[in-house]
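Just my_file28.cif here, mmCIF, C-alpha atoms:
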```cif
data_query
loop_
_atom_site.label_atom_id
_atom_site.label_comp_id
_atom_site.auth_asym_id
_atom_site.auth_seq_id
_atom_site.Cartn_x
_atom_site.Cartn_y
_atom_site.Cartn_z
CA LYS A 1 1.59 -14.61 -31.18
CA ASN A 2 -2.00 -14.00 -30.10
CA GLU A 3 -3.23 -10.42 -30.20
CA VAL A 4 -4.66 -10.79 -26.68
CA GLU A 5 -2.60 -12.64 -24.11
CA GLN A 6 -3.68 -13.51 -20.60
CA SER A 7 -1.62 -14.64 -17.65
CA PRO A 8 -1.59 -16.83 -15.79
CA GLN A 9 -3.43 -19.56 -17.68
CA ASN A 10 -4.30 -21.31 -14.43
CA LEU A 11 -4.39 -19.96 -10.90
CA THR A 12 -5.17 -21.79 -7.68
CA ALA A 13 -5.41 -19.84 -4.44
CA GLN A 14 -6.77 -20.11 -0.93
CA GLU A 15 -9.96 -18.43 0.13
CA GLY A 16 -9.31 -14.85 1.19
CA GLU A 17 -6.30 -14.26 -1.04
CA PHE A 18 -5.95 -11.23 -3.29
CA ILE A 19 -6.10 -12.33 -6.93
CA THR A 20 -4.61 -10.61 -9.98
CA ILE A 21 -5.19 -11.69 -13.57
CA ASN A 22 -3.36 -9.90 -16.37
CA CYS A 23 -4.23 -9.12 -19.98
CA SER A 24 -1.89 -7.68 -22.62
CA TYR A 25 -2.87 -6.82 -26.16
CA SER A 26 -1.00 -5.77 -29.26
CA VAL A 27 -3.69 -4.07 -31.36
CA GLY A 28 -5.31 -0.66 -31.22
CA ILE A 29 -8.46 -0.87 -29.19
CA SER A 30 -11.44 1.25 -28.34
CA ALA A 31 -12.43 -0.77 -25.28
CA LEU A 32 -11.49 -3.81 -23.22
CA HIS A 33 -13.88 -6.25 -21.58
CA TRP A 34 -13.53 -8.63 -18.70
CA LEU A 35 -15.98 -11.54 -18.68
CA GLN A 36 -16.58 -14.54 -16.46
CA GLN A 37 -17.36 -18.04 -17.68
CA HIS A 38 -18.62 -20.55 -15.13
CA PRO A 39 -18.23 -24.34 -15.44
CA GLY A 40 -21.77 -24.54 -16.85
CA GLY A 41 -20.46 -22.45 -19.72
CA GLY A 42 -22.51 -19.28 -19.45
CA ILE A 43 -20.66 -16.02 -20.08
CA VAL A 44 -21.30 -12.90 -17.99
CA SER A 45 -19.87 -9.50 -18.71
CA LEU A 46 -18.04 -8.02 -15.69
CA PHE A 47 -16.49 -4.78 -16.93
CA MET A 48 -16.02 -2.69 -20.02
CA LEU A 49 -13.08 -0.26 -19.82
CA SER A 50 -11.60 2.34 -22.08
CA SER A 51 -9.44 4.06 -19.46
CA GLY A 52 -8.63 4.13 -15.76
CA LYS A 53 -10.22 1.88 -13.23
CA LYS A 54 -13.62 0.40 -12.37
CA LYS A 55 -14.82 -1.32 -9.21
CA HIS A 56 -17.79 -3.55 -8.61
CA GLY A 57 -18.03 -5.20 -5.21
CA ARG A 58 -14.85 -7.21 -4.69
CA LEU A 59 -13.80 -6.90 -8.33
CA ILE A 60 -11.52 -4.16 -9.62
CA ALA A 61 -10.42 -3.70 -13.22
CA THR A 62 -7.70 -1.36 -14.40
CA ILE A 63 -6.35 -0.49 -17.82
CA ASN A 64 -3.18 1.26 -19.00
CA ILE A 65 -3.71 2.27 -22.61
CA GLN A 66 -0.09 3.35 -23.18
CA GLU A 67 1.24 0.02 -21.97
CA LYS A 68 -1.60 -1.96 -23.61
CA HIS A 69 -2.25 -3.81 -20.39
CA SER A 70 -5.19 -4.47 -18.11
CA SER A 71 -5.55 -6.25 -14.79
CA LEU A 72 -8.51 -7.80 -13.03
CA HIS A 73 -8.25 -7.99 -9.25
CA ILE A 74 -10.41 -9.93 -6.82
CA THR A 75 -10.20 -8.98 -3.15
CA ALA A 76 -11.09 -11.41 -0.36
CA SER A 77 -11.49 -14.26 -2.83
CA HIS A 78 -14.16 -16.89 -2.25
CA PRO A 79 -14.71 -20.39 -3.69
CA ARG A 80 -17.71 -19.04 -5.63
CA ASP A 81 -15.24 -16.85 -7.58
CA SER A 82 -13.90 -20.03 -9.18
CA ALA A 83 -14.45 -19.62 -12.91
CA VAL A 84 -12.65 -18.79 -16.14
CA TYR A 85 -11.97 -15.08 -16.52
CA ILE A 86 -11.69 -13.83 -20.07
CA CYS A 87 -10.28 -10.63 -21.48
CA ALA A 88 -11.59 -9.39 -24.85
CA VAL A 89 -10.87 -6.23 -26.80
CA ASN A 90 -12.82 -4.14 -29.29
CA VAL A 91 -10.57 -3.52 -32.25
CA MET A 92 -10.31 0.11 -33.19
CA ASP A 93 -11.93 -0.12 -36.61
CA SER A 94 -14.92 -2.29 -35.66
CA ASN A 95 -17.94 -1.57 -33.50
CA TYR A 96 -18.66 -5.16 -32.75
CA GLN A 97 -15.74 -7.48 -33.36
CA LEU A 98 -14.10 -8.72 -30.21
CA ILE A 99 -10.71 -10.41 -30.05
CA TRP A 100 -10.65 -12.82 -27.16
CA GLY A 101 -7.97 -13.99 -24.80
CA ALA A 102 -7.75 -17.69 -24.02
CA GLY A 103 -8.95 -17.18 -20.46
CA THR A 104 -7.55 -17.69 -16.97
CA LYS A 105 -8.92 -20.61 -15.01
CA LEU A 106 -9.22 -19.60 -11.36
CA ILE A 107 -9.80 -22.07 -8.55
CA ILE A 108 -10.31 -20.78 -5.02
CA LYS A 109 -9.94 -23.45 -2.34
CA PRO A 110 -11.84 -23.15 0.93
CA ASN B 1 -37.27 -10.46 -19.44
CA ALA B 2 -35.71 -13.63 -20.71
CA GLY B 3 -32.07 -13.53 -21.67
CA VAL B 4 -30.51 -14.95 -24.80
CA MET B 5 -31.69 -18.50 -25.32
CA GLN B 6 -29.78 -21.19 -27.13
CA ASN B 7 -30.87 -24.70 -27.89
CA PRO B 8 -30.02 -27.39 -27.71
CA ARG B 9 -27.51 -26.99 -24.89
CA HIS B 10 -25.78 -30.19 -25.91
CA LEU B 11 -25.80 -31.78 -29.34
CA VAL B 12 -24.16 -35.01 -30.42
CA ARG B 13 -23.76 -35.74 -34.10
CA ARG B 14 -21.99 -38.43 -36.07
CA ARG B 15 -19.50 -37.43 -38.74
CA GLY B 16 -21.32 -36.45 -41.91
CA GLN B 17 -24.57 -35.43 -40.24
CA GLU B 18 -25.95 -31.92 -40.08
CA ALA B 19 -26.02 -29.77 -36.94
CA ARG B 20 -28.52 -26.97 -36.41
CA LEU B 21 -27.94 -24.58 -33.55
CA ARG B 22 -30.62 -22.07 -32.58
CA CYS B 23 -30.35 -18.72 -30.89
CA SER B 24 -33.23 -16.58 -29.70
CA PRO B 25 -31.99 -13.07 -28.91
CA MET B 26 -33.17 -10.96 -26.05
CA LYS B 27 -36.52 -9.31 -26.61
CA GLY B 28 -36.15 -6.27 -28.81
CA HIS B 29 -32.63 -7.17 -29.97
CA SER B 30 -32.16 -7.36 -33.71
CA HIS B 31 -28.39 -7.95 -33.84
CA VAL B 32 -26.98 -11.44 -33.36
CA TYR B 33 -23.37 -12.62 -33.17
CA TRP B 34 -22.08 -16.19 -33.25
CA TYR B 35 -18.79 -17.24 -31.65
CA ARG B 36 -17.02 -20.57 -31.51
CA GLN B 37 -14.88 -21.79 -28.62
CA LEU B 38 -12.66 -24.73 -29.44
CA PRO B 39 -11.45 -26.85 -26.51
CA GLU B 40 -8.79 -25.03 -24.50
CA GLU B 41 -9.00 -21.96 -26.75
CA GLY B 42 -10.58 -18.53 -26.61
CA LEU B 43 -13.77 -17.54 -28.35
CA LYS B 44 -13.54 -16.64 -32.02
CA PHE B 45 -15.97 -14.44 -33.92
CA MET B 46 -17.86 -16.25 -36.66
CA VAL B 47 -20.68 -14.11 -38.00
CA TYR B 48 -22.75 -11.02 -37.31
CA LEU B 49 -26.34 -10.86 -38.49
CA GLN B 50 -29.21 -8.47 -38.40
CA LYS B 51 -32.76 -9.49 -39.21
CA GLU B 52 -32.69 -11.06 -42.69
CA ASN B 53 -29.13 -9.83 -43.37
CA ILE B 54 -25.64 -11.19 -42.92
CA ILE B 55 -23.49 -8.17 -42.04
CA ASP B 56 -20.11 -9.82 -41.50
CA GLU B 57 -19.27 -13.48 -41.99
CA SER B 58 -15.51 -13.04 -42.06
CA GLY B 59 -15.04 -15.57 -39.25
CA MET B 60 -17.11 -18.33 -40.83
CA PRO B 61 -15.40 -21.26 -42.51
CA LYS B 62 -16.04 -20.98 -46.23
CA GLU B 63 -17.58 -24.42 -46.59
CA ARG B 64 -20.23 -26.35 -44.70
CA PHE B 65 -21.16 -23.45 -42.37
CA SER B 66 -24.06 -21.08 -42.88
CA ALA B 67 -26.09 -18.75 -40.72
CA GLU B 68 -29.41 -17.01 -41.00
CA PHE B 69 -31.57 -14.72 -38.93
CA PRO B 70 -35.05 -14.67 -40.46
CA LYS B 71 -37.67 -12.02 -39.94
CA GLU B 72 -39.53 -14.37 -37.62
CA GLY B 73 -37.94 -16.95 -35.36
CA PRO B 74 -34.49 -17.63 -34.02
CA SER B 75 -31.13 -17.27 -35.67
CA ILE B 76 -29.81 -20.59 -36.97
CA LEU B 77 -26.20 -21.68 -37.33
CA ARG B 78 -26.07 -24.67 -39.64
CA ILE B 79 -23.12 -26.99 -40.03
CA GLN B 80 -23.37 -29.53 -42.83
CA GLN B 81 -21.42 -32.79 -42.97
CA VAL B 82 -19.90 -32.27 -39.54
CA VAL B 83 -16.36 -33.42 -38.83
CA ARG B 84 -14.61 -34.08 -35.50
CA GLY B 85 -12.91 -30.69 -35.67
CA ASP B 86 -16.32 -29.00 -35.45
CA SER B 87 -16.65 -30.20 -31.85
CA ALA B 88 -16.76 -26.99 -29.84
CA ALA B 89 -18.96 -24.69 -27.81
CA TYR B 90 -20.94 -22.28 -29.95
CA PHE B 91 -22.06 -19.09 -28.27
CA CYS B 92 -24.57 -16.61 -29.50
CA ALA B 93 -24.86 -13.02 -28.32
CA SER B 94 -27.39 -10.33 -29.09
CA SER B 95 -27.45 -6.57 -28.88
CA LEU B 96 -29.88 -3.76 -29.30
CA ARG B 97 -27.45 -1.78 -31.45
CA ASP B 98 -24.44 -2.74 -33.53
CA THR B 99 -21.94 -2.34 -30.74
CA SER B 100 -20.26 -4.93 -28.60
CA TYR B 101 -20.65 -2.67 -25.59
CA GLU B 102 -24.09 -4.15 -25.16
CA GLN B 103 -23.68 -7.77 -26.19
CA TYR B 104 -25.52 -10.28 -24.00
CA PHE B 105 -24.47 -13.90 -24.22
CA GLY B 106 -26.45 -17.09 -24.34
CA PRO B 107 -25.45 -20.24 -22.41
CA GLY B 108 -23.91 -21.86 -25.47
CA THR B 109 -24.43 -25.11 -27.36
CA ARG B 110 -21.84 -27.82 -26.90
CA LEU B 111 -21.47 -29.78 -30.11
CA THR B 112 -19.78 -33.15 -29.97
CA VAL B 113 -19.04 -34.96 -33.20
CA THR B 114 -18.42 -38.67 -32.82
#
```

Spit out the file's structure as structure tokens when you get a sec.
Amino acid sequence: KNEVEQSPQNLTAQEGEFITINCSYSVGISALHWLQQHPGGGIVSLFMLSSGKKKHGRLIATINIQEKHSSLHITASHPRDSAVYICAVNVMDSNYQLIWGAGTKLIIKP
Amino acid sequence: NAGVMQNPRHLVRRRGQEARLRCSPMKGHSHVYWYRQLPEEGLKFMVYLQKENIIDESGMPKERFSAEFPKEGPSILRIQQVVRGDSAAYFCASSLRDTSYEQYFGPGTRLTVT
């Protein structure tokens, strides 16, 4: 079993829909990251969370440390949101090592 | 302020050849991390380097792979005698300090071994 699990693996939705991507982890962490990878391959950091909730534009990220679970939400989704969304965690005993989820491939249809 | 640069973006090698992947960190960054992304899999940590030092290479295969980050010039990930299983995207990230909170990623190098 992977230490970081994402669901769903693939998600196709219509423009305007509310999107939720989930991330569960089984190790002790100091922080959790959500990143976006576009078809060209580049990786962009979206959020870093250690507790609670963060919002940036139409993106919202939440984390529940007790339940070892995080969600990434996209409101009013748009075709340009189509990308792979990746969850990664900082393990507790390392400043720099990230354990990565396999990613969720999101396609938003116009 | 240029971001993390990687070159080449795409590299094709025949089995048995050597592959050299280069990473120029963001200006002022002295910490470099290499990750590998196999097809349909998540990224995996390979190695963490500071200028002229390998700090953690726990994710590097024991044979054929090596990495360096010289005092001058880019960080190099070198794969000798490539095999088909080395085909992957290799990402480099850099940071100002030794914390992943501030890692900035390059566009990646896609290695294809034929």

Give one line per residue of chain B that approaches chain A to at most 12 Å, naming the two atoms of the closest pair and their distance in Å to one decimal, counting all atoms listed in the file; sort by chain then ascending residue number and deliver it as a tab-separated table.
```
residue	atom	partner	partner_atom	distance
B:Gly3	CA	A:Gly42	CA	11.4
B:Val4	CA	A:Gly42	CA	10.6
B:Met5	CA	A:Gly42	CA	10.9
B:Gln6	CA	A:Gly42	CA	10.7
B:Arg9	CA	A:Gly41	CA	9.9
B:His10	CA	A:Gly41	CA	11.2
B:His31	CA	A:Tyr96	CA	10.2
B:Val32	CA	A:Tyr96	CA	10.4
B:Tyr33	CA	A:Tyr96	CA	8.8
B:Trp34	CA	A:Gln97	CA	10.8
B:Tyr35	CA	A:Leu98	CA	9.8
B:Arg36	CA	A:Trp100	CA	10.9
B:Gln37	CA	A:Ala102	CA	9.4
B:Leu38	CA	A:Ala102	CA	10.2
B:Pro39	CA	A:Ala102	CA	10.2
B:Glu40	CA	A:Ala102	CA	7.4
B:Glu41	CA	A:Ala102	CA	5.2
B:Gly42	CA	A:Ala102	CA	3.9
B:Leu43	CA	A:Trp100	CA	5.8
B:Lys44	CA	A:Trp100	CA	6.8
B:Phe45	CA	A:Gln97	CA	7.0
B:Met46	CA	A:Gln97	CA	9.6
B:Val47	CA	A:Gln97	CA	9.5
B:Tyr48	CA	A:Tyr96	CA	8.5
B:Leu49	CA	A:Tyr96	CA	11.2
B:Ile55	CA	A:Tyr96	CA	10.9
B:Asp56	CA	A:Gln97	CA	9.5
B:Glu57	CA	A:Gln97	CA	11.1
B:Ser58	CA	A:Gln97	CA	10.3
B:Gly59	CA	A:Gln97	CA	10.0
B:Ala88	CA	A:Gly41	CA	11.7
B:Ala89	CA	A:Gly41	CA	8.5
B:Tyr90	CA	A:Gly41	CA	10.2
B:Phe91	CA	A:Gly42	CA	8.8
B:Cys92	CA	A:Ile43	CA	10.2
B:Ala93	CA	A:Ile43	CA	9.7
B:Ser94	CA	A:Tyr96	CA	10.8
B:Ser95	CA	A:Tyr96	CA	9.7
B:Leu96	CA	A:Tyr96	CA	11.8
B:Arg97	CA	A:Tyr96	CA	9.5
B:Asp98	CA	A:Tyr96	CA	6.3
B:Thr99	CA	A:Tyr96	CA	4.8
B:Ser100	CA	A:Tyr96	CA	4.5
B:Tyr101	CA	A:Met48	CA	7.2
B:Glu102	CA	A:Ser45	CA	9.4
B:Gln103	CA	A:Ser45	CA	8.6
B:Tyr104	CA	A:Ser45	CA	7.8
B:Phe105	CA	A:Ile43	CA	6.0
B:Gly106	CA	A:Gly42	CA	6.7
B:Pro107	CA	A:Gly42	CA	4.3
B:Gly108	CA	A:Gly42	CA	6.7
B:Thr109	CA	A:Gly41	CA	9.0
B:Arg110	CA	A:Gly41	CA	9.1
```

Residues matched by the PyMOL selection byres ((chain A and resi 67) around 12), written as a PyMOL selection string: chain A and resi 23-28+51+62-66+68-71

Take the PyMOL selection byres ((chain B and resi 61-69) around 9), apply it to the structure above, and return the hits as a PDB file with C-alpha atoms, keeping the file's coordinate frame.
```pdb
ATOM      1  CA  VAL B  32     -26.980 -11.440 -33.360  1.00  0.00           C
ATOM      2  CA  TRP B  34     -22.080 -16.190 -33.250  1.00  0.00           C
ATOM      3  CA  MET B  46     -17.860 -16.250 -36.660  1.00  0.00           C
ATOM      4  CA  VAL B  47     -20.680 -14.110 -38.000  1.00  0.00           C
ATOM      5  CA  LEU B  49     -26.340 -10.860 -38.490  1.00  0.00           C
ATOM      6  CA  GLN B  50     -29.210  -8.470 -38.400  1.00  0.00           C
ATOM      7  CA  LYS B  51     -32.760  -9.490 -39.210  1.00  0.00           C
ATOM      8  CA  GLU B  52     -32.690 -11.060 -42.690  1.00  0.00           C
ATOM      9  CA  ASN B  53     -29.130  -9.830 -43.370  1.00  0.00           C
ATOM     10  CA  ILE B  54     -25.640 -11.190 -42.920  1.00  0.00           C
ATOM     11  CA  GLU B  57     -19.270 -13.480 -41.990  1.00  0.00           C
ATOM     12  CA  SER B  58     -15.510 -13.040 -42.060  1.00  0.00           C
ATOM     13  CA  GLY B  59     -15.040 -15.570 -39.250  1.00  0.00           C
ATOM     14  CA  MET B  60     -17.110 -18.330 -40.830  1.00  0.00           C
ATOM     15  CA  PRO B  70     -35.050 -14.670 -40.460  1.00  0.00           C
ATOM     16  CA  LYS B  71     -37.670 -12.020 -39.940  1.00  0.00           C
ATOM     17  CA  GLU B  72     -39.530 -14.370 -37.620  1.00  0.00           C
ATOM     18  CA  GLY B  73     -37.940 -16.950 -35.360  1.00  0.00           C
ATOM     19  CA  PRO B  74     -34.490 -17.630 -34.020  1.00  0.00           C
ATOM     20  CA  SER B  75     -31.130 -17.270 -35.670  1.00  0.00           C
ATOM     21  CA  ILE B  76     -29.810 -20.590 -36.970  1.00  0.00           C
ATOM     22  CA  LEU B  77     -26.200 -21.680 -37.330  1.00  0.00           C
ATOM     23  CA  ARG B  78     -26.070 -24.670 -39.640  1.00  0.00           C
ATOM     24  CA  ILE B  79     -23.120 -26.990 -40.030  1.00  0.00           C
ATOM     25  CA  GLN B  80     -23.370 -29.530 -42.830  1.00  0.00           C
ATOM     26  CA  GLN B  81     -21.420 -32.790 -42.970  1.00  0.00           C
ATOM     27  CA  VAL B  82     -19.900 -32.270 -39.540  1.00  0.00           C
TER      28      VAL B  82
END
```

Gap from atom CA of His78 of chain A to atom CA of Gly57 of chain A - Å, one decimal: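 Spanning atom CA of His78 of chain A to atom CA of Gly57 of chain A is a straight-line distance of 12.7 Å.
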
I want to know what sits within 9 Å of Pro39 of chain A, based on only C-alpha atoms, with residues of the same chain fewer than 5 positions away left out; could you give that as an MDAnalysis selection string? chainID A and resid 82:84

With distances taken over all atoms listed in the file, the candidate from A:Tyr85, A:Asp93, A:Phe18, A:Ala76 nearest Leu35 of chain A is A:Tyr85

Atom CA of Ser50 of chain A to atom CA of Glu5 of chain A measures 17.6 Å
